[in-house]
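For reference, final31.cif is printed below; it contains mmCIF, C-alpha atoms.
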```cif
data_entry
#
loop_
_atom_site.group_PDB
_atom_site.id
_atom_site.type_symbol
_atom_site.label_atom_id
_atom_site.label_comp_id
_atom_site.auth_asym_id
_atom_site.auth_seq_id
_atom_site.Cartn_x
_atom_site.Cartn_y
_atom_site.Cartn_z
ATOM 1 C CA MET A 256 0.000 0.000 0.000
ATOM 2 C CA ASN A 257 1.420 3.408 -0.889
ATOM 3 C CA LEU A 258 1.173 6.433 1.414
ATOM 4 C CA LEU A 259 -1.839 7.963 -0.358
ATOM 5 C CA GLU A 260 -3.751 4.682 0.034
ATOM 6 C CA THR A 261 -2.788 4.558 3.711
ATOM 7 C CA LEU A 262 -4.094 8.107 4.148
ATOM 8 C CA GLN A 263 -7.336 7.197 2.386
ATOM 9 C CA ASN A 264 -7.818 4.118 4.554
ATOM 10 C CA ARG A 265 -7.013 5.729 7.925
ATOM 11 C CA ARG A 266 -10.262 6.279 9.824
ATOM 12 C CA SER A 267 -11.073 6.755 13.482
ATOM 13 C CA VAL A 268 -12.106 3.460 15.066
ATOM 14 C CA ARG A 269 -13.911 3.573 18.397
ATOM 15 C CA LYS A 270 -14.971 -0.059 18.931
ATOM 16 C CA TYR A 271 -12.469 -2.841 19.437
ATOM 17 C CA THR A 272 -12.450 -6.601 19.805
ATOM 18 C CA GLU A 273 -10.893 -8.417 22.762
ATOM 19 C CA GLU A 274 -8.021 -9.625 20.555
ATOM 20 C CA PRO A 275 -4.665 -8.595 22.035
ATOM 21 C CA ILE A 276 -2.232 -6.333 20.232
ATOM 22 C CA GLN A 277 1.009 -8.107 19.417
ATOM 23 C CA LYS A 278 4.044 -6.507 21.116
ATOM 24 C CA GLU A 279 5.812 -6.095 17.747
ATOM 25 C CA THR A 280 2.797 -4.238 16.362
ATOM 26 C CA LEU A 281 2.601 -1.883 19.333
ATOM 27 C CA THR A 282 6.353 -1.335 19.118
ATOM 28 C CA ALA A 283 6.042 -0.392 15.431
ATOM 29 C CA VAL A 284 3.338 2.177 16.294
ATOM 30 C CA LEU A 285 5.643 3.696 18.920
ATOM 31 C CA GLN A 286 8.584 3.687 16.505
ATOM 32 C CA ALA A 287 6.483 5.623 13.982
ATOM 33 C CA GLY A 288 5.853 8.235 16.661
ATOM 34 C CA LEU A 289 9.493 8.401 17.676
ATOM 35 C CA LEU A 290 10.540 8.855 14.036
ATOM 36 C CA SER A 291 8.511 12.063 13.844
ATOM 37 C CA PRO A 292 10.309 15.262 12.947
ATOM 38 C CA SER A 293 10.344 18.059 15.499
ATOM 39 C CA SER A 294 11.408 21.670 15.548
ATOM 40 C CA ARG A 295 15.191 21.904 15.782
ATOM 41 C CA GLY A 296 15.277 18.160 16.546
ATOM 42 C CA ILE A 297 14.332 18.832 20.181
ATOM 43 C CA ARG A 298 11.772 16.013 20.440
ATOM 44 C CA PRO A 299 10.040 17.496 23.506
ATOM 45 C CA TRP A 300 7.553 14.641 23.717
ATOM 46 C CA GLU A 301 7.261 11.619 25.972
ATOM 47 C CA LEU A 302 4.992 8.645 25.271
ATOM 48 C CA ILE A 303 3.154 6.882 28.091
ATOM 49 C CA VAL A 304 1.949 3.424 27.003
ATOM 50 C CA VAL A 305 -0.995 2.060 28.970
ATOM 51 C CA GLU A 306 -2.095 -1.570 28.609
ATOM 52 C CA ASP A 307 -3.567 -2.176 32.075
ATOM 53 C CA LYS A 308 -7.332 -2.682 31.677
ATOM 54 C CA GLU A 309 -8.164 -1.046 35.005
ATOM 55 C CA VAL A 310 -6.180 2.079 34.113
ATOM 56 C CA LEU A 311 -7.746 2.191 30.628
ATOM 57 C CA ASN A 312 -11.178 2.077 32.288
ATOM 58 C CA GLN A 313 -10.218 5.020 34.503
ATOM 59 C CA MET A 314 -8.825 6.890 31.506
ATOM 60 C CA ALA A 315 -12.211 6.529 29.777
ATOM 61 C CA ASP A 316 -13.455 9.230 32.184
ATOM 62 C CA CYS A 317 -10.742 11.716 31.221
ATOM 63 C CA ARG A 318 -12.808 13.665 28.730
ATOM 64 C CA ALA A 319 -16.437 14.722 28.469
ATOM 65 C CA GLY A 320 -18.176 12.682 25.780
ATOM 66 C CA SER A 321 -15.150 11.606 23.802
ATOM 67 C CA ALA A 322 -12.985 9.056 25.589
ATOM 68 C CA ARG A 323 -15.325 6.161 26.359
ATOM 69 C CA MET A 324 -13.642 4.014 23.703
ATOM 70 C CA LEU A 325 -10.665 3.671 26.046
ATOM 71 C CA ALA A 326 -12.688 1.243 28.157
ATOM 72 C CA GLY A 327 -12.748 -1.159 25.190
ATOM 73 C CA ALA A 328 -9.233 -0.448 23.936
ATOM 74 C CA ARG A 329 -6.362 -2.884 24.399
ATOM 75 C CA ALA A 330 -3.824 -0.065 24.754
ATOM 76 C CA ALA A 331 -3.445 3.687 24.725
ATOM 77 C CA VAL A 332 -0.539 6.017 24.080
ATOM 78 C CA VAL A 333 -0.598 9.301 25.974
ATOM 79 C CA VAL A 334 1.487 12.024 24.328
ATOM 80 C CA VAL A 335 2.875 14.699 26.634
ATOM 81 C CA ALA A 336 5.649 17.240 26.164
ATOM 82 C CA ASP A 337 7.983 19.400 28.186
ATOM 83 C CA GLU A 338 6.566 22.830 27.408
ATOM 84 C CA THR A 339 9.812 24.485 28.529
ATOM 85 C CA ALA A 340 11.820 22.617 25.878
ATOM 86 C CA SER A 341 10.083 24.002 22.804
ATOM 87 C CA ASP A 342 7.626 26.746 21.925
ATOM 88 C CA VAL A 343 6.084 24.493 19.259
ATOM 89 C CA TRP A 344 5.512 21.408 21.406
ATOM 90 C CA VAL A 345 1.860 21.292 20.313
ATOM 91 C CA GLU A 346 2.820 20.965 16.658
ATOM 92 C CA ASP A 347 5.582 18.474 17.435
ATOM 93 C CA CYS A 348 3.202 16.281 19.453
ATOM 94 C CA SER A 349 0.556 16.509 16.736
ATOM 95 C CA ILE A 350 3.007 15.046 14.237
ATOM 96 C CA VAL A 351 3.765 12.195 16.664
ATOM 97 C CA MET A 352 0.039 11.494 17.041
ATOM 98 C CA SER A 353 -0.531 11.592 13.286
ATOM 99 C CA ASN A 354 2.364 9.236 12.544
ATOM 100 C CA MET A 355 1.178 6.731 15.147
ATOM 101 C CA HIS A 356 -2.411 6.979 13.903
ATOM 102 C CA LEU A 357 -1.305 6.221 10.328
ATOM 103 C CA MET A 358 1.026 3.401 11.377
ATOM 104 C CA ALA A 359 -1.698 1.781 13.462
ATOM 105 C CA ASP A 360 -4.056 1.673 10.495
ATOM 106 C CA SER A 361 -1.368 0.386 8.143
ATOM 107 C CA LEU A 362 -0.815 -2.527 10.561
ATOM 108 C CA GLY A 363 -4.509 -3.391 10.805
ATOM 109 C CA LEU A 364 -5.096 -1.736 14.173
ATOM 110 C CA GLY A 365 -7.985 0.550 14.934
ATOM 111 C CA SER A 366 -7.133 3.836 16.599
ATOM 112 C CA CYS A 367 -8.723 7.088 17.624
ATOM 113 C CA TRP A 368 -7.174 10.446 18.468
ATOM 114 C CA ILE A 369 -8.618 11.695 21.756
ATOM 115 C CA GLN A 370 -7.796 15.377 22.137
ATOM 116 C CA GLY A 371 -6.681 16.173 25.673
ATOM 117 C CA ARG A 372 -5.174 19.637 25.529
ATOM 118 C CA LEU A 373 -7.711 22.287 26.552
ATOM 119 C CA ARG A 374 -10.379 19.677 27.346
ATOM 120 C CA ASN A 375 -12.210 18.723 30.550
ATOM 121 C CA THR A 376 -13.669 15.689 32.266
ATOM 122 C CA PRO A 377 -17.457 15.367 32.603
ATOM 123 C CA GLN A 378 -17.035 16.854 36.113
ATOM 124 C CA GLY A 379 -15.251 19.931 34.742
ATOM 125 C CA GLU A 380 -11.717 19.001 35.825
ATOM 126 C CA SER A 381 -8.965 19.528 33.283
ATOM 127 C CA THR A 382 -8.276 16.379 31.255
ATOM 128 C CA GLU A 383 -4.580 17.130 31.681
ATOM 129 C CA VAL A 384 -4.817 17.280 35.485
ATOM 130 C CA TYR A 385 -6.954 14.126 35.585
ATOM 131 C CA LEU A 386 -4.425 12.152 33.521
ATOM 132 C CA ARG A 387 -1.432 13.673 35.345
ATOM 133 C CA ASN A 388 -2.870 12.432 38.652
ATOM 134 C CA LEU A 389 -3.545 8.993 37.166
ATOM 135 C CA LEU A 390 -0.275 8.550 35.230
ATOM 136 C CA ASN A 391 2.139 10.683 37.297
ATOM 137 C CA PHE A 392 3.714 12.773 34.551
ATOM 138 C CA PRO A 393 5.632 15.860 35.778
ATOM 139 C CA GLU A 394 4.045 19.294 36.222
ATOM 140 C CA ASN A 395 6.118 20.880 33.437
ATOM 141 C CA TYR A 396 4.806 18.297 30.958
ATOM 142 C CA ARG A 397 1.677 19.235 29.074
ATOM 143 C CA LEU A 398 -0.872 16.859 27.618
ATOM 144 C CA GLU A 399 -1.496 16.883 23.882
ATOM 145 C CA ALA A 400 -3.653 13.823 23.239
ATOM 146 C CA VAL A 401 -4.295 10.121 23.766
ATOM 147 C CA LEU A 402 -4.309 7.496 21.019
ATOM 148 C CA SER A 403 -6.608 4.565 21.736
ATOM 149 C CA LEU A 404 -5.592 1.275 20.107
ATOM 150 C CA GLY A 405 -7.215 -2.091 19.493
ATOM 151 C CA MET A 406 -8.251 -4.576 16.871
ATOM 152 C CA PRO A 407 -11.211 -2.957 15.101
ATOM 153 C CA GLN A 408 -14.691 -4.456 15.442
ATOM 154 C CA ASN A 409 -15.255 -2.955 12.014
ATOM 155 C CA HIS A 410 -13.362 -0.488 9.909
ATOM 156 C CA PRO A 411 -15.163 2.421 8.228
ATOM 157 C CA PRO A 412 -14.801 2.526 4.439
ATOM 158 C CA LYS A 413 -11.844 4.354 2.966
ATOM 159 C CA GLN A 414 -12.188 7.933 1.855
ATOM 160 C CA GLU A 415 -12.522 8.271 -1.905
ATOM 161 C CA LEU A 416 -10.259 10.764 -3.649
ATOM 162 C CA SER A 417 -13.280 11.923 -5.679
ATOM 163 C CA SER A 418 -14.892 13.235 -2.454
ATOM 164 C CA LEU A 419 -11.997 15.517 -1.499
ATOM 165 C CA PRO A 420 -12.945 19.222 -1.123
ATOM 166 C CA LEU A 421 -10.759 20.485 -3.962
ATOM 167 C CA GLN A 422 -12.344 23.959 -3.618
ATOM 168 C CA LYS A 423 -10.097 24.356 -0.559
ATOM 169 C CA VAL A 424 -6.986 24.339 -2.766
ATOM 170 C CA HIS A 425 -5.909 27.773 -3.993
ATOM 171 C CA TRP A 426 -3.209 28.040 -6.635
ATOM 172 C CA GLY A 427 -1.026 31.153 -6.578
ATOM 173 C CA LYS A 428 -3.238 33.164 -4.206
ATOM 174 C CA PHE A 429 -6.376 32.713 -2.130
#
```
Target format structure tokens, applied to this file:
Amino acid sequence: MNLLETLQNRRSVRKYTEEPIQKETLTAVLQAGLLSPSSRGIRPWELIVVEDKEVLNQMADCRAGSARMLAGARAAVVVVADETASDVWVEDCSIVMSNMHLMADSLGLGSCWIQGRLRNTPQGESTEVYLRNLLNFPENYRLEAVLSLGMPQNHPPKQELSSLPLQKVHWGKF
């Protein structure tokens, strides 16, 4: 599969089977994240891998309306960054998330990007504070997002190139 086909096929998957994720597959997803470019090569990110079912169930409460799939996931990768290391940590972490999301799909895994930065729990607590208390990452590390992972119950159909919003492309000037 070439990169364009991988991009077409990548869809958010929120329902997973009980099938375990092979260690080599999870490692490849992490490697894709670690291969991400970053501003000035700083790599301000850290990846917290969670496979414990009890912790995944607790993580499912980290965000109002959007993280319940973690209760059915077989793993999650929490992406945090040292905000003092780089002024573009958000962009750097977003690239990490995107690379892992694409790699997961290319390996037959389902995944979903769960935005954490600037989000709250159903009780109004910051998602970042909730996950910091649960996962013990340092105060100077900021949360970007969580990637849920599992074998997909079903995979949405690929996106067709003919449905792309080409009117959003401007040649020369807007």
Query raised in the report: Got a sec to resolve the PyMOL selection byres ((chain A and resi 353-368) around 6) on this structure and send the residues as a PyMOL selection string?
Result: chain A and resi 265+267-268+284+287-288+350-352+369+402-407
Report task. Using the chain letters and numbers from the file, give me the residues hit by the PyMOL selection byres ((chain A and resi 414) around 6), as number ranges by chain. Result -> A: 263, 413, 415
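Once the PyMOL selection byres ((chain A and resi 301) around 7) is applied to the depicted file, the selected set reads Pro299, Trp300, Leu302, Ile303, Val334, Val335 and Ala336 of chain A.
Going from atom CA of Pro275 of chain A over to atom CA of Leu386 of chain A, you cover 23.7 Å.
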Query raised in the report: What is the atom CA of Leu262 of chain A to atom CA of Arg323 of chain A distance in Å?
Result: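 Those two atoms sit 25.0 Å apart.
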Segment 322-337 of chain A: axis-aligned bounding box, 4 Å on each side, centre and edge lengths in Å, one decimal, as AutoDock Vina command-line options:
```
--center_x -3.7 --center_y 8.3 --center_z 25.9 --size_x 31.3 --size_y 30.3 --size_z 12.5
```
Report task. Measure the distance from atom CA of Ile297 of chain A to atom CA of Cys348 of chain A in Å and round it to one decimal. Result ->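 Distance between the two atoms: 11.4 Å.
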Query - Within 12 Å of file point (-10.9, 2.9, 35.2), counting all atoms listed in the file, expressed as a VMD selection string - result: chain A and resid 305 to 317 322 to 328 385 to 386 389
Dig up all the protein and nucleic acid residues within 8 Å of (5.8, 18.8, 33.3) in the file frame, using only C-alpha atoms, and format them as a compact mmCIF listing (two decimals) with C-alpha atoms, keeping the file's coordinate frame.
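Produced file out.txt, reproduced below:
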```
# COMPACT_ATOMS: atom_id res chain seq x y z
CA ALA A 336 5.65 17.24 26.16
CA ASP A 337 7.98 19.40 28.19
CA GLU A 338 6.57 22.83 27.41
CA PHE A 392 3.71 12.77 34.55
CA PRO A 393 5.63 15.86 35.78
CA GLU A 394 4.04 19.29 36.22
CA ASN A 395 6.12 20.88 33.44
CA TYR A 396 4.81 18.30 30.96
CA ARG A 397 1.68 19.24 29.07
```
**Report entry** Top pick for closest residue to Gln277 of chain A, considering A:Ser294, A:Leu259, A:Gly320, A:Arg329 and counting all atoms listed in the file
**Finding:**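 Of the candidates, the smallest distance to Gln277 of chain A is held by A:Arg329.
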